[in-house]
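J.: Got a file for you: target_28.cif, mmCIF, C-alpha atoms.
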data_data
loop_
_atom_site.group_PDB
_atom_site.id
_atom_site.type_symbol
_atom_site.label_atom_id
_atom_site.label_comp_id
_atom_site.auth_asym_id
_atom_site.auth_seq_id
_atom_site.Cartn_x
_atom_site.Cartn_y
_atom_site.Cartn_z
ATOM 1 C CA MET A 1068 24.907 -68.088 -86.087
ATOM 2 C CA GLU A 1069 23.934 -64.480 -86.682
ATOM 3 C CA ALA A 1070 20.426 -65.135 -85.330
ATOM 4 C CA ALA A 1071 21.930 -66.817 -82.251
ATOM 5 C CA LEU A 1072 24.173 -63.795 -81.687
ATOM 6 C CA GLU A 1073 21.154 -61.469 -81.925
ATOM 7 C CA ALA A 1074 19.275 -63.631 -79.405
ATOM 8 C CA ALA A 1075 22.330 -63.496 -77.123
ATOM 9 C CA LYS A 1076 22.444 -59.686 -77.378
ATOM 10 C CA ALA A 1077 18.740 -59.525 -76.491
ATOM 11 C CA ALA A 1078 19.338 -61.816 -73.497
ATOM 12 C CA GLY A 1079 22.147 -59.576 -72.301
ATOM 13 C CA ALA A 1080 19.921 -56.507 -72.657
ATOM 14 C CA ARG A 1081 17.402 -58.262 -70.363
ATOM 15 C CA GLY A 1082 20.136 -58.811 -67.771
ATOM 16 C CA GLU A 1083 20.594 -62.476 -68.644
ATOM 17 C CA VAL A 1084 23.931 -64.062 -69.466
ATOM 18 C CA PRO A 1085 24.149 -63.362 -73.218
ATOM 19 C CA VAL A 1086 23.714 -66.774 -74.784
ATOM 20 C CA GLY A 1087 21.550 -67.403 -77.824
ATOM 21 C CA ALA A 1088 20.468 -70.559 -79.621
ATOM 22 C CA VAL A 1089 18.775 -71.379 -82.926
ATOM 23 C CA VAL A 1090 17.342 -74.677 -84.163
ATOM 24 C CA LEU A 1091 17.155 -75.229 -87.918
ATOM 25 C CA SER A 1092 15.263 -78.000 -89.695
ATOM 26 C CA LYS A 1093 17.066 -80.215 -92.196
ATOM 27 C CA ASP A 1094 15.882 -77.919 -95.006
ATOM 28 C CA GLY A 1095 17.263 -74.824 -93.241
ATOM 29 C CA LYS A 1096 13.968 -73.498 -91.860
ATOM 30 C CA VAL A 1097 14.298 -71.674 -88.547
ATOM 31 C CA LEU A 1098 12.265 -73.612 -85.981
ATOM 32 C CA ALA A 1099 13.277 -71.670 -82.870
ATOM 33 C CA VAL A 1100 15.376 -68.717 -81.752
ATOM 34 C CA GLU A 1101 15.884 -68.274 -78.016
ATOM 35 C CA GLY A 1102 18.128 -66.553 -75.501
ATOM 36 C CA ASN A 1103 18.785 -67.299 -71.848
ATOM 37 C CA ARG A 1104 15.825 -66.547 -69.541
ATOM 38 C CA THR A 1105 16.905 -68.089 -66.226
ATOM 39 C CA ARG A 1106 16.488 -64.890 -64.209
ATOM 40 C CA GLU A 1107 13.340 -63.748 -65.975
ATOM 41 C CA ARG A 1108 11.616 -67.082 -65.375
ATOM 42 C CA ASN A 1109 13.295 -67.948 -62.073
ATOM 43 C CA ASP A 1110 14.167 -71.226 -63.750
ATOM 44 C CA PRO A 1111 17.704 -72.638 -63.706
ATOM 45 C CA THR A 1112 16.849 -74.805 -66.732
ATOM 46 C CA ALA A 1113 15.828 -71.861 -68.927
ATOM 47 C CA HIS A 1114 19.082 -71.900 -70.887
ATOM 48 C CA ALA A 1115 18.886 -70.784 -74.516
ATOM 49 C CA GLU A 1116 19.455 -74.326 -75.787
ATOM 50 C CA ILE A 1117 16.722 -75.866 -73.635
ATOM 51 C CA LEU A 1118 14.218 -73.182 -74.629
ATOM 52 C CA ALA A 1119 15.105 -73.556 -78.314
ATOM 53 C CA ILE A 1120 14.778 -77.346 -78.140
ATOM 54 C CA ARG A 1121 11.373 -77.042 -76.459
ATOM 55 C CA ALA A 1122 10.147 -74.517 -79.027
ATOM 56 C CA ALA A 1123 11.428 -76.564 -81.981
ATOM 57 C CA CYS A 1124 9.798 -79.738 -80.646
ATOM 58 C CA ALA A 1125 6.531 -77.837 -80.229
ATOM 59 C CA ALA A 1126 6.806 -76.435 -83.770
ATOM 60 C CA LEU A 1127 7.283 -79.937 -85.181
ATOM 61 C CA ASN A 1128 4.862 -81.547 -82.709
ATOM 62 C CA GLN A 1129 7.389 -84.250 -81.825
ATOM 63 C CA GLU A 1130 9.886 -85.028 -79.082
ATOM 64 C CA ARG A 1131 12.907 -85.561 -81.331
ATOM 65 C CA LEU A 1132 14.772 -83.209 -83.609
ATOM 66 C CA THR A 1133 16.428 -85.763 -85.865
ATOM 67 C CA ASP A 1134 18.217 -84.092 -88.786
ATOM 68 C CA CYS A 1135 18.011 -80.668 -87.100
ATOM 69 C CA ASP A 1136 20.941 -78.381 -86.364
ATOM 70 C CA LEU A 1137 21.530 -76.320 -83.224
ATOM 71 C CA TYR A 1138 23.564 -73.123 -83.326
ATOM 72 C CA VAL A 1139 24.533 -71.703 -79.951
ATOM 73 C CA THR A 1140 26.886 -68.887 -79.003
ATOM 74 C CA LEU A 1141 28.464 -70.709 -76.051
ATOM 75 C CA GLU A 1142 29.553 -74.304 -75.574
ATOM 76 C CA PRO A 1143 26.566 -76.135 -74.070
ATOM 77 C CA CYS A 1144 26.757 -77.093 -70.401
ATOM 78 C CA ALA A 1145 26.266 -80.709 -69.299
ATOM 79 C CA MET A 1146 22.503 -80.218 -68.813
ATOM 80 C CA CYS A 1147 22.074 -78.795 -72.293
ATOM 81 C CA ALA A 1148 24.355 -81.419 -73.839
ATOM 82 C CA MET A 1149 22.155 -84.180 -72.396
ATOM 83 C CA ALA A 1150 19.025 -82.431 -73.718
ATOM 84 C CA ILE A 1151 20.704 -82.213 -77.139
ATOM 85 C CA SER A 1152 21.428 -85.934 -76.990
ATOM 86 C CA HIS A 1153 17.896 -86.839 -75.889
ATOM 87 C CA ALA A 1154 16.429 -84.642 -78.639
ATOM 88 C CA ARG A 1155 18.633 -86.472 -81.164
ATOM 89 C CA ILE A 1156 19.893 -83.231 -82.707
ATOM 90 C CA ALA A 1157 22.121 -84.082 -85.669
ATOM 91 C CA ARG A 1158 24.666 -81.269 -85.522
ATOM 92 C CA VAL A 1159 25.746 -78.706 -82.926
ATOM 93 C CA TYR A 1160 27.605 -75.553 -83.913
ATOM 94 C CA TYR A 1161 28.877 -73.346 -81.106
ATOM 95 C CA GLY A 1162 30.891 -70.190 -80.754
ATOM 96 C CA ALA A 1163 32.808 -69.614 -77.533
ATOM 97 C CA SER A 1164 34.327 -72.434 -75.511
ATOM 98 C CA ASP A 1165 33.344 -72.584 -71.841
ATOM 99 C CA PRO A 1166 36.297 -73.800 -69.743
ATOM 100 C CA LYS A 1167 34.314 -73.304 -66.508
ATOM 101 C CA SER A 1168 30.937 -74.873 -67.289
ATOM 102 C CA GLY A 1169 31.173 -76.483 -70.707
ATOM 103 C CA GLY A 1170 29.828 -79.967 -71.192
ATOM 104 C CA VAL A 1171 31.011 -80.777 -74.709
ATOM 105 C CA ALA A 1172 34.761 -80.191 -75.120
ATOM 106 C CA GLN A 1173 35.409 -78.960 -71.570
ATOM 107 C CA GLY A 1174 34.335 -80.267 -68.163
ATOM 108 C CA ALA A 1175 31.836 -83.122 -68.275
ATOM 109 C CA ARG A 1176 32.334 -83.951 -71.983
ATOM 110 C CA VAL A 1177 28.877 -85.508 -72.118
ATOM 111 C CA PHE A 1178 29.111 -86.697 -75.711
ATOM 112 C CA GLY A 1179 32.226 -88.709 -74.884
ATOM 113 C CA HIS A 1180 30.507 -90.695 -72.141
ATOM 114 C CA PRO A 1181 29.780 -94.317 -73.123
ATOM 115 C CA GLN A 1182 26.211 -94.125 -71.786
ATOM 116 C CA THR A 1183 25.264 -91.176 -73.983
ATOM 117 C CA HIS A 1184 22.550 -92.508 -76.299
ATOM 118 C CA HIS A 1185 23.070 -90.115 -79.201
ATOM 119 C CA VAL A 1186 26.157 -88.119 -80.130
ATOM 120 C CA PRO A 1187 25.691 -85.251 -82.571
ATOM 121 C CA GLU A 1188 28.342 -83.941 -84.902
ATOM 122 C CA VAL A 1189 29.996 -80.999 -83.126
ATOM 123 C CA TYR A 1190 31.599 -77.950 -84.721
ATOM 124 C CA ASP A 1191 33.180 -75.368 -82.436
ATOM 125 C CA GLY A 1192 34.621 -71.904 -82.842
ATOM 126 C CA ILE A 1193 31.812 -70.595 -85.094
ATOM 127 C CA ASN A 1194 31.904 -66.788 -84.716
ATOM 128 C CA ALA A 1195 33.820 -67.412 -81.499
ATOM 129 C CA ALA A 1196 35.258 -63.903 -81.279
ATOM 130 C CA ALA A 1197 31.829 -62.256 -81.431
ATOM 131 C CA SER A 1198 30.408 -64.714 -78.889
ATOM 132 C CA GLU A 1199 33.356 -64.213 -76.534
ATOM 133 C CA ALA A 1200 33.122 -60.420 -76.827
ATOM 134 C CA LEU A 1201 29.445 -60.458 -75.805
ATOM 135 C CA LEU A 1202 30.241 -62.500 -72.715
ATOM 136 C CA GLN A 1203 33.340 -60.503 -71.771
ATOM 137 C CA ASP A 1204 31.511 -57.174 -72.135
ATOM 138 C CA PHE A 1205 28.563 -58.448 -70.096
ATOM 139 C CA PHE A 1206 30.656 -59.691 -67.193
ATOM 140 C CA SER A 1207 33.123 -56.789 -67.187
ATOM 141 C CA ALA A 1208 30.188 -54.329 -66.956
ATOM 142 C CA ARG A 1209 28.949 -56.165 -63.865
ATOM 143 C CA ARG A 1210 32.339 -56.352 -62.225
ATOM 144 C CA GLY A 1211 33.297 -52.808 -63.229
#
Could you rewrite the structure in this file as structure tokens?

T.:
Amino acid sequence: MEAALEAAKAAGARGEVPVGAVVLSKDGKVLAVEGNRTRERNDPTAHAEILAIRAACAALNQERLTDCDLYVTLEPCAMCAMAISHARIARVYYGASDPKSGGVAQGARVFGHPQTHHVPEVYDGINAAASEALLQDFFSARRG
């Protein structure tokens, strides 16, 4: 989660919402580390999770990430949760909950839908305080 937090800090420094994601192989090798880049790329799908999934798939030269783990600083939104399911990621670890836009435990609850093809193991609250602080500082500086 530390690498995801660093990626989130870097995203925030670029003016992006500070969210970071890391994909690890089953043997613990880092396959991808990404932060949000929606503004930089003018791409609403350039969330940290999506970018990390794309990079990890490219690194493995395959479309599925079976037995891989995803660490992300914020609860994935519905779009990212569906990408996680389609990539067949084994486990998702996230920091802060997202009551407004979450798609795992909040809001859409994608993994609870009967038509979801693959449901990963989900672990929440990992370094939640650090993840929440990054987001709160980012948004309070903009509202200040």

J.: Report the distance between atom CA of Glu1199 of chain A and atom CA of Ala1163 of chain A in Å, rounded to one decimal place.

T.: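 Separation of atom CA of Glu1199 of chain A and atom CA of Ala1163 of chain A: 5.5 Å.
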
J.: Got a sec to resolve the PyMOL selection byres ((chain A and resi 1154-1161) around 8) on this structure and send the residues as number ranges by chain?

T.: A: 1120, 1130-1143, 1150-1153, 1162-1164, 1185-1193, 1195

J.: Let me know the centre plus edge lengths, in Å and rounded to one decimal, of a box with edges along x, y and z that contains all listed atoms of segment 1129-1146 of chain A and is padded by 5 Å on every side, as AutoDock Vina command-line options.

T.:
--center_x 18.5 --center_y -77.3 --center_z -78.8 --size_x 32.2 --size_y 26.9 --size_z 30.0

J.: Run the PyMOL selection byres ((chain A and resi 1169) around 12) mentally over the shown coordinates, then write out the matched residues as number ranges by chain, using the chain letters and numbers from the document.

T.: A: 1141-1149, 1161-1168, 1170-1178, 1191

J.: Find, counting all atoms listed in the file, the residue in A:Ala1123, A:Ala1077, A:Ala1115, A:Ala1208 that gets nearest to Val1090 of chain A.

T.: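 For Val1090 of chain A, the nearest of the candidates is A:Ala1123.
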
J.: Which residues come within 12 Å of Gln1203 of chain A, counting all atoms listed in the file, excluding same-chain residues fewer than 4 positions away, as an mmCIF file with C-alpha atoms, in the coordinates of the input?

T.:
data_model
loop_
_atom_site.group_PDB
_atom_site.id
_atom_site.type_symbol
_atom_site.label_atom_id
_atom_site.label_comp_id
_atom_site.auth_asym_id
_atom_site.auth_seq_id
_atom_site.Cartn_x
_atom_site.Cartn_y
_atom_site.Cartn_z
ATOM 1 C CA GLY A 1079 22.147 -59.576 -72.301
ATOM 2 C CA VAL A 1084 23.931 -64.062 -69.466
ATOM 3 C CA PRO A 1085 24.149 -63.362 -73.218
ATOM 4 C CA VAL A 1086 23.714 -66.774 -74.784
ATOM 5 C CA ALA A 1163 32.808 -69.614 -77.533
ATOM 6 C CA ALA A 1195 33.820 -67.412 -81.499
ATOM 7 C CA ALA A 1196 35.258 -63.903 -81.279
ATOM 8 C CA ALA A 1197 31.829 -62.256 -81.431
ATOM 9 C CA SER A 1198 30.408 -64.714 -78.889
ATOM 10 C CA GLU A 1199 33.356 -64.213 -76.534
ATOM 11 C CA SER A 1207 33.123 -56.789 -67.187
ATOM 12 C CA ALA A 1208 30.188 -54.329 -66.956
ATOM 13 C CA ARG A 1209 28.949 -56.165 -63.865
ATOM 14 C CA ARG A 1210 32.339 -56.352 -62.225
ATOM 15 C CA GLY A 1211 33.297 -52.808 -63.229
#

J.: Let me know the residues the PyMOL selection byres ((chain A and resi 1102-1108) around 7) catches in the file above, as number ranges by chain.

T.: A: 1074-1075, 1078, 1083-1088, 1101, 1109-1115

J.: Can you work out the spacing between atom CA of Glu1116 of chain A and atom CA of Val1089 of chain A in Å, to one decimal?

T.: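 Result for atom CA of Glu1116 of chain A versus atom CA of Val1089 of chain A: 7.8 Å, one decimal.
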
J.: Please compute the atom CA of Gln1129 of chain A-atom CA of Val1097 of chain A distance, one decimal, in Å.

T.: 15.8 Å
